[in-house]
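K.L.:
Pasting a structure here, questions to come.
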Amino acid sequence: MDRSRVQRRRRRRWIGYIAFLMLVLTGAAVLCLAMFFRTKEIVVTGNDRYTDRELISASGIQLEQNIFSVDRERTAAQVKGAFSYLEEVQIVPVMPTRVEIRVVESVPQLVVVNSADSYSLLSTGGRIIEQCLGLAGEELPLVLGASFSWYAQGAYPHQLPEEVTNRRHKNYREATPEELAGVRIIETLQYVMKSAEAAEFGTIDYIDVTDDLSTSILWDKRVLIRLGTELELERKLRFARAIIDGELEEDFTGVLDVSVLPKNDRAYTGEAKVEEFIHPFYLEHYYKY
């Protein structure tokens, strides 16, 4: 028998040994996973609004289930979908026998006034955490000129559904005007709030998004600030605040227009009675004389 044939046999023998060893090790690993790392404790952290039992029940995680057999992504989405006041959910296996459900609860940020009979409570993450009846009583900025009443509680208006974004979806379709408007409005609102915070602007009474090319906000129930487009929004708000603090009388009531600021570094003011510039709906239902 020639030398090359002997070497091939030895090589095949070693490959067989290695394959057998890998099979044994894999079997041992599977056996260890089956025998050990069983869920003995399910811990929930970060929750205040909901009980541990509610969240654990929604997760579907069972005691004695292997901690690594939990589909973390699917389970997190399942829990989040069941509770609208949750902004983030993480499923974390902690060796050897614990599974943690870590949640971050939603923080209400804006009230979208749908009508005199209903409103949507919007979180900092852009989620509709509650659909409510009547006039809003929360001390939050109002959003006028939009309606989110047709969205389900827990929805994210800025996230288009899969049948719109995935062209391979069996029910693929074009986005509706309402869906596109929801995306645009949420982006505008988040930009306004982020810029207002960065500019340390203070309390805003309402944001009027009726015209996406001419967004305006009401400050202190007496100054309507016309922002125009989103171009250099933070700079516009800083400029508006400087004018309010340094140039306007303390009892000034009227309009402050900073929409042209990026072009000529100027702002325009005009005194007026509240009924002449405040949104009629706000004036009728929310403005207090």
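To be explicit about the labels: the chains of the structure tokens are called A, B, and onward in the order shown, and within each one the residues are counted from 1, while ligands get numbers from 1 in the order they are shown.
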Can you pull out the residues contacting region 148-163 of chain A? Cut-off 10 Å, using only C-alpha atoms, and skip same-chain residues under 6 positions away; I want them as a PyMOL selection string.
P.N.:
chain A and resi 80-87+112-115+118-123+125-132+169-176+178-187
K.L.:
Please, could you write that set of residues out with N, CA and C atoms as a tab-separated table (two decimals), in the first residue's frame?
P.N.:
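Output saved as selection13.tsv:
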```tsv
chain	number	residue	atom	x	y	z
A	80	LYS	N	-44.55	44.67	25.07
A	80	LYS	CA	-44.73	46.08	24.72
A	80	LYS	C	-46.07	46.31	24.02
A	81	GLY	N	-46.44	45.37	23.15
A	81	GLY	CA	-47.70	45.51	22.43
A	81	GLY	C	-48.92	45.41	23.33
A	82	ALA	N	-48.77	44.74	24.46
A	82	ALA	CA	-49.91	44.55	25.37
A	82	ALA	C	-50.14	45.74	26.28
A	83	PHE	N	-49.12	46.60	26.45
A	83	PHE	CA	-49.23	47.71	27.39
A	83	PHE	C	-48.74	49.00	26.73
A	84	SER	N	-49.65	49.92	26.52
A	84	SER	CA	-49.32	51.13	25.76
A	84	SER	C	-48.42	52.09	26.53
A	85	TYR	N	-48.35	51.97	27.85
A	85	TYR	CA	-47.52	52.88	28.64
A	85	TYR	C	-46.08	52.36	28.79
A	86	LEU	N	-45.68	51.43	27.94
A	86	LEU	CA	-44.30	50.96	27.95
A	86	LEU	C	-43.60	51.49	26.69
A	87	GLU	N	-42.46	52.14	26.90
A	87	GLU	CA	-41.70	52.68	25.77
A	87	GLU	C	-40.62	51.71	25.32
A	112	VAL	N	-52.59	65.66	21.70
A	112	VAL	CA	-53.10	65.96	20.36
A	112	VAL	C	-54.61	66.10	20.47
A	113	VAL	N	-55.10	67.31	20.26
A	113	VAL	CA	-56.53	67.58	20.41
A	113	VAL	C	-57.24	67.17	19.12
A	114	ASN	N	-57.97	66.06	19.18
A	114	ASN	CA	-58.68	65.58	18.00
A	114	ASN	C	-59.97	66.36	17.76
A	115	SER	N	-60.65	66.68	18.85
A	115	SER	CA	-61.91	67.43	18.78
A	115	SER	C	-62.24	67.90	20.19
A	118	SER	N	-62.53	64.50	22.23
A	118	SER	CA	-61.50	63.48	22.40
A	118	SER	C	-60.11	64.06	22.16
A	119	TYR	N	-59.12	63.35	22.71
A	119	TYR	CA	-57.73	63.73	22.48
A	119	TYR	C	-56.84	62.51	22.63
A	120	SER	N	-55.64	62.61	22.06
A	120	SER	CA	-54.65	61.52	22.13
A	120	SER	C	-53.48	61.98	22.98
A	121	LEU	N	-53.07	61.12	23.91
A	121	LEU	CA	-51.93	61.41	24.77
A	121	LEU	C	-50.69	60.81	24.13
A	122	LEU	N	-49.71	61.67	23.85
A	122	LEU	CA	-48.53	61.27	23.10
A	122	LEU	C	-47.30	61.23	24.01
A	123	SER	N	-46.48	60.18	23.88
A	123	SER	CA	-45.29	60.04	24.72
A	123	SER	C	-44.10	60.74	24.09
A	125	GLY	N	-41.56	59.36	23.07
A	125	GLY	CA	-41.10	58.52	21.97
A	125	GLY	C	-42.04	58.52	20.79
A	126	GLY	N	-43.09	59.34	20.84
A	126	GLY	CA	-44.03	59.42	19.73
A	126	GLY	C	-45.09	58.33	19.72
A	127	ARG	N	-45.32	57.69	20.87
A	127	ARG	CA	-46.33	56.63	20.95
A	127	ARG	C	-47.64	57.19	21.50
A	128	ILE	N	-48.75	56.74	20.93
A	128	ILE	CA	-50.06	57.11	21.48
A	128	ILE	C	-50.33	56.20	22.67
A	129	ILE	N	-50.13	56.73	23.85
A	129	ILE	CA	-50.24	55.88	25.04
A	129	ILE	C	-51.67	55.83	25.58
A	130	GLU	N	-52.50	56.75	25.11
A	130	GLU	CA	-53.90	56.70	25.56
A	130	GLU	C	-54.77	57.52	24.62
A	131	GLN	N	-55.96	56.98	24.33
A	131	GLN	CA	-57.00	57.71	23.62
A	131	GLN	C	-58.07	58.07	24.65
A	132	CYS	N	-58.33	59.38	24.80
A	132	CYS	CA	-59.17	59.85	25.90
A	132	CYS	C	-60.38	60.61	25.37
A	169	HIS	N	-44.44	42.38	0.89
A	169	HIS	CA	-45.59	41.99	1.70
A	169	HIS	C	-46.75	41.61	0.78
A	170	LYS	N	-47.44	40.54	1.12
A	170	LYS	CA	-48.50	40.05	0.23
A	170	LYS	C	-49.64	41.06	0.08
A	171	ASN	N	-49.79	41.95	1.06
A	171	ASN	CA	-50.83	42.98	0.98
A	171	ASN	C	-50.22	44.36	0.79
A	172	TYR	N	-49.11	44.42	0.05
A	172	TYR	CA	-48.42	45.70	-0.12
A	172	TYR	C	-49.35	46.74	-0.75
A	173	ARG	N	-49.25	47.96	-0.24
A	173	ARG	CA	-50.06	49.08	-0.73
A	173	ARG	C	-49.31	50.37	-0.51
A	174	GLU	N	-49.81	51.43	-1.13
A	174	GLU	CA	-49.24	52.75	-0.91
A	174	GLU	C	-49.76	53.33	0.41
A	175	ALA	N	-48.98	54.20	1.02
A	175	ALA	CA	-49.41	54.84	2.27
A	175	ALA	C	-50.59	55.77	2.00
A	176	THR	N	-51.50	55.81	2.94
A	176	THR	CA	-52.66	56.71	2.82
A	176	THR	C	-52.24	58.13	3.18
A	178	GLU	N	-53.51	59.99	5.38
A	178	GLU	CA	-53.52	60.11	6.84
A	178	GLU	C	-52.23	59.55	7.45
A	179	GLU	N	-51.75	58.42	6.90
A	179	GLU	CA	-50.51	57.83	7.41
A	179	GLU	C	-49.31	58.74	7.14
A	180	LEU	N	-49.25	59.30	5.95
A	180	LEU	CA	-48.16	60.21	5.61
A	180	LEU	C	-48.21	61.47	6.47
A	181	ALA	N	-49.43	61.95	6.73
A	181	ALA	CA	-49.58	63.14	7.58
A	181	ALA	C	-49.12	62.83	9.00
A	182	GLY	N	-49.41	61.62	9.49
A	182	GLY	CA	-48.98	61.23	10.83
A	182	GLY	C	-47.47	61.24	10.95
A	183	VAL	N	-46.78	60.71	9.96
A	183	VAL	CA	-45.32	60.71	9.96
A	183	VAL	C	-44.80	62.14	9.99
A	184	ARG	N	-45.34	62.97	9.12
A	184	ARG	CA	-44.87	64.36	9.03
A	184	ARG	C	-45.12	65.12	10.32
A	185	ILE	N	-46.29	64.95	10.89
A	185	ILE	CA	-46.65	65.71	12.09
A	185	ILE	C	-45.79	65.30	13.28
A	186	ILE	N	-45.59	64.00	13.46
A	186	ILE	CA	-44.77	63.53	14.58
A	186	ILE	C	-43.34	64.05	14.44
A	187	GLU	N	-42.80	64.00	13.23
A	187	GLU	CA	-41.44	64.51	13.03
A	187	GLU	C	-41.36	66.00	13.36
```
K.L.:
Residues at most 12 Å from Ala242 (chain A), counting only C-alpha atoms, excluding those fewer than 4 positions away in the same chain, as a ChimeraX atom specification?
P.N.:
/A:199-201,235-238,246-248,256,258,267
K.L.:
Print the selection's residues with N, CA, C and O atoms to a file, as a PDB file, in the first residue's frame.
P.N.:
```pdb
ATOM      1  N   ALA A 199     -33.114  75.126  23.412  1.00  0.00           N
ATOM      2  CA  ALA A 199     -33.099  76.585  23.513  1.00  0.00           C
ATOM      3  C   ALA A 199     -33.552  77.081  24.883  1.00  0.00           C
ATOM      4  O   ALA A 199     -33.597  78.298  25.115  1.00  0.00           O
ATOM      5  N   GLU A 200     -33.913  76.113  25.772  1.00  0.00           N
ATOM      6  CA  GLU A 200     -34.412  76.454  27.111  1.00  0.00           C
ATOM      7  C   GLU A 200     -35.558  77.456  27.003  1.00  0.00           C
ATOM      8  O   GLU A 200     -35.584  78.485  27.676  1.00  0.00           O
ATOM      9  N   PHE A 201     -36.499  77.100  26.152  1.00  0.00           N
ATOM     10  CA  PHE A 201     -37.563  78.039  25.819  1.00  0.00           C
ATOM     11  C   PHE A 201     -38.639  78.158  26.895  1.00  0.00           C
ATOM     12  O   PHE A 201     -39.262  79.184  27.050  1.00  0.00           O
ATOM     13  N   ARG A 235     -32.370  77.897  16.502  1.00  0.00           N
ATOM     14  CA  ARG A 235     -31.905  79.286  16.450  1.00  0.00           C
ATOM     15  C   ARG A 235     -33.089  80.256  16.493  1.00  0.00           C
ATOM     16  O   ARG A 235     -33.030  81.299  17.161  1.00  0.00           O
ATOM     17  N   LYS A 236     -34.158  79.922  15.811  1.00  0.00           N
ATOM     18  CA  LYS A 236     -35.354  80.772  15.824  1.00  0.00           C
ATOM     19  C   LYS A 236     -35.915  80.899  17.239  1.00  0.00           C
ATOM     20  O   LYS A 236     -36.296  81.987  17.680  1.00  0.00           O
ATOM     21  N   LEU A 237     -35.970  79.772  17.943  1.00  0.00           N
ATOM     22  CA  LEU A 237     -36.525  79.787  19.291  1.00  0.00           C
ATOM     23  C   LEU A 237     -35.623  80.557  20.257  1.00  0.00           C
ATOM     24  O   LEU A 237     -36.114  81.269  21.136  1.00  0.00           O
ATOM     25  N   ARG A 238     -34.327  80.401  20.119  1.00  0.00           N
ATOM     26  CA  ARG A 238     -33.403  81.175  20.965  1.00  0.00           C
ATOM     27  C   ARG A 238     -33.569  82.673  20.695  1.00  0.00           C
ATOM     28  O   ARG A 238     -33.577  83.485  21.618  1.00  0.00           O
ATOM     29  N   GLY A 246     -35.792  90.494  26.412  1.00  0.00           N
ATOM     30  CA  GLY A 246     -35.037  91.743  26.386  1.00  0.00           C
ATOM     31  C   GLY A 246     -35.695  92.928  25.719  1.00  0.00           C
ATOM     32  O   GLY A 246     -35.297  94.079  25.974  1.00  0.00           O
ATOM     33  N   GLU A 247     -36.699  92.675  24.869  1.00  0.00           N
ATOM     34  CA  GLU A 247     -37.249  93.784  24.097  1.00  0.00           C
ATOM     35  C   GLU A 247     -38.747  94.030  24.286  1.00  0.00           C
ATOM     36  O   GLU A 247     -39.203  95.163  24.136  1.00  0.00           O
ATOM     37  N   LEU A 248     -39.500  92.994  24.587  1.00  0.00           N
ATOM     38  CA  LEU A 248     -40.943  93.164  24.706  1.00  0.00           C
ATOM     39  C   LEU A 248     -41.347  93.563  26.121  1.00  0.00           C
ATOM     40  O   LEU A 248     -40.695  93.187  27.105  1.00  0.00           O
ATOM     41  N   LEU A 256     -45.128  87.353  17.360  1.00  0.00           N
ATOM     42  CA  LEU A 256     -43.690  87.481  17.147  1.00  0.00           C
ATOM     43  C   LEU A 256     -43.329  86.541  15.996  1.00  0.00           C
ATOM     44  O   LEU A 256     -43.436  85.326  16.111  1.00  0.00           O
ATOM     45  N   VAL A 258     -40.632  84.961  13.623  1.00  0.00           N
ATOM     46  CA  VAL A 258     -39.210  84.706  13.394  1.00  0.00           C
ATOM     47  C   VAL A 258     -39.012  83.791  12.190  1.00  0.00           C
ATOM     48  O   VAL A 258     -37.935  83.231  12.001  1.00  0.00           O
ATOM     49  N   ALA A 267     -36.647  89.745  13.099  1.00  0.00           N
ATOM     50  CA  ALA A 267     -37.935  89.250  13.569  1.00  0.00           C
ATOM     51  C   ALA A 267     -38.925  90.405  13.542  1.00  0.00           C
ATOM     52  O   ALA A 267     -38.531  91.581  13.574  1.00  0.00           O
TER      53      ALA A 267
END
```
K.L.:
Find the residue from A:Ile91, A:Ala146, A:Val103, A:Ala76 that sits nearest to Thr45 (chain A); use only C-alpha atoms when measuring.
P.N.:
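Under the stated criterion, the closest residue is A:Val103.
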K.L.:
Go through A:Leu135, A:Ala240, A:Leu213, A:Leu110 one by one, measure the shortest atom-to-atom distance of each to Leu189 (chain A) using only C-alpha atoms, and give the residue with the smallest value.
P.N.:
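Using only C-alpha atoms, the shortest distance to Leu189 (chain A) belongs to A:Leu110.
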K.L.:
As a PyMOL selection string, please: all residues of region 3-198 of chain A that backbone DSSP puts in strand (DSSP E).
P.N.:
chain A and resi 41-45+86-94+98-105+108-113+118-123+128-133+142-144
K.L.:
If we count only C-alpha atoms and set the cut-off at 12 Å, which residues sit around Tyr282 (chain A), ignoring sequence neighbours fewer than 5 positions away in its own chain? Please answer as a PyMOL selection string.
P.N.:
chain A and resi 113+115-116+135-136+141-145+205-208+217-218+221+274-275+277+287-289
K.L.:
Env of Val79 (chain A): 12 Å cut, atoms = only C-alpha atoms, seq-sep filter 4 positions within chain, self excluded. Answer as an MDAnalysis selection string.
P.N.:
chainID A and resid 44 50 52:61 72:75 83:91 101:104 154
K.L.:
Quick one: residues within 9 Å of Glu230 (chain A), only C-alpha atoms counted, chain neighbours fewer than 4 positions away excluded, as a PDB file with N, CA, C and O atoms, in the first residue's frame?
P.N.:
```
ATOM      1  N   THR A 188     -42.367  66.751  12.953  1.00  0.00           N
ATOM      2  CA  THR A 188     -42.391  68.187  13.258  1.00  0.00           C
ATOM      3  C   THR A 188     -42.473  68.425  14.756  1.00  0.00           C
ATOM      4  O   THR A 188     -41.733  69.241  15.317  1.00  0.00           O
ATOM      5  N   TYR A 191     -39.253  67.602  16.544  1.00  0.00           N
ATOM      6  CA  TYR A 191     -38.237  68.600  16.252  1.00  0.00           C
ATOM      7  C   TYR A 191     -38.495  69.886  17.036  1.00  0.00           C
ATOM      8  O   TYR A 191     -37.571  70.500  17.578  1.00  0.00           O
ATOM      9  N   VAL A 192     -39.755  70.282  17.113  1.00  0.00           N
ATOM     10  CA  VAL A 192     -40.104  71.486  17.880  1.00  0.00           C
ATOM     11  C   VAL A 192     -39.763  71.307  19.347  1.00  0.00           C
ATOM     12  O   VAL A 192     -39.125  72.171  19.968  1.00  0.00           O
ATOM     13  N   ASP A 212     -47.840  72.729   7.552  1.00  0.00           N
ATOM     14  CA  ASP A 212     -46.496  72.248   7.868  1.00  0.00           C
ATOM     15  C   ASP A 212     -45.394  73.195   7.399  1.00  0.00           C
ATOM     16  O   ASP A 212     -44.237  73.040   7.771  1.00  0.00           O
ATOM     17  N   LEU A 213     -45.746  74.197   6.581  1.00  0.00           N
ATOM     18  CA  LEU A 213     -44.768  75.196   6.157  1.00  0.00           C
ATOM     19  C   LEU A 213     -44.820  76.438   7.026  1.00  0.00           C
ATOM     20  O   LEU A 213     -44.052  77.382   6.818  1.00  0.00           O
ATOM     21  N   SER A 214     -45.738  76.445   7.977  1.00  0.00           N
ATOM     22  CA  SER A 214     -45.883  77.618   8.842  1.00  0.00           C
ATOM     23  C   SER A 214     -46.304  77.196  10.238  1.00  0.00           C
ATOM     24  O   SER A 214     -47.396  77.528  10.709  1.00  0.00           O
ATOM     25  N   THR A 215     -45.443  76.449  10.904  1.00  0.00           N
ATOM     26  CA  THR A 215     -45.718  76.016  12.274  1.00  0.00           C
ATOM     27  C   THR A 215     -45.659  77.214  13.219  1.00  0.00           C
ATOM     28  O   THR A 215     -44.816  78.102  13.061  1.00  0.00           O
ATOM     29  N   GLU A 234     -34.029  75.673  16.188  1.00  0.00           N
ATOM     30  CA  GLU A 234     -33.469  75.995  17.505  1.00  0.00           C
ATOM     31  C   GLU A 234     -33.009  77.453  17.555  1.00  0.00           C
ATOM     32  O   GLU A 234     -33.236  78.156  18.549  1.00  0.00           O
TER      33      GLU A 234
END
```
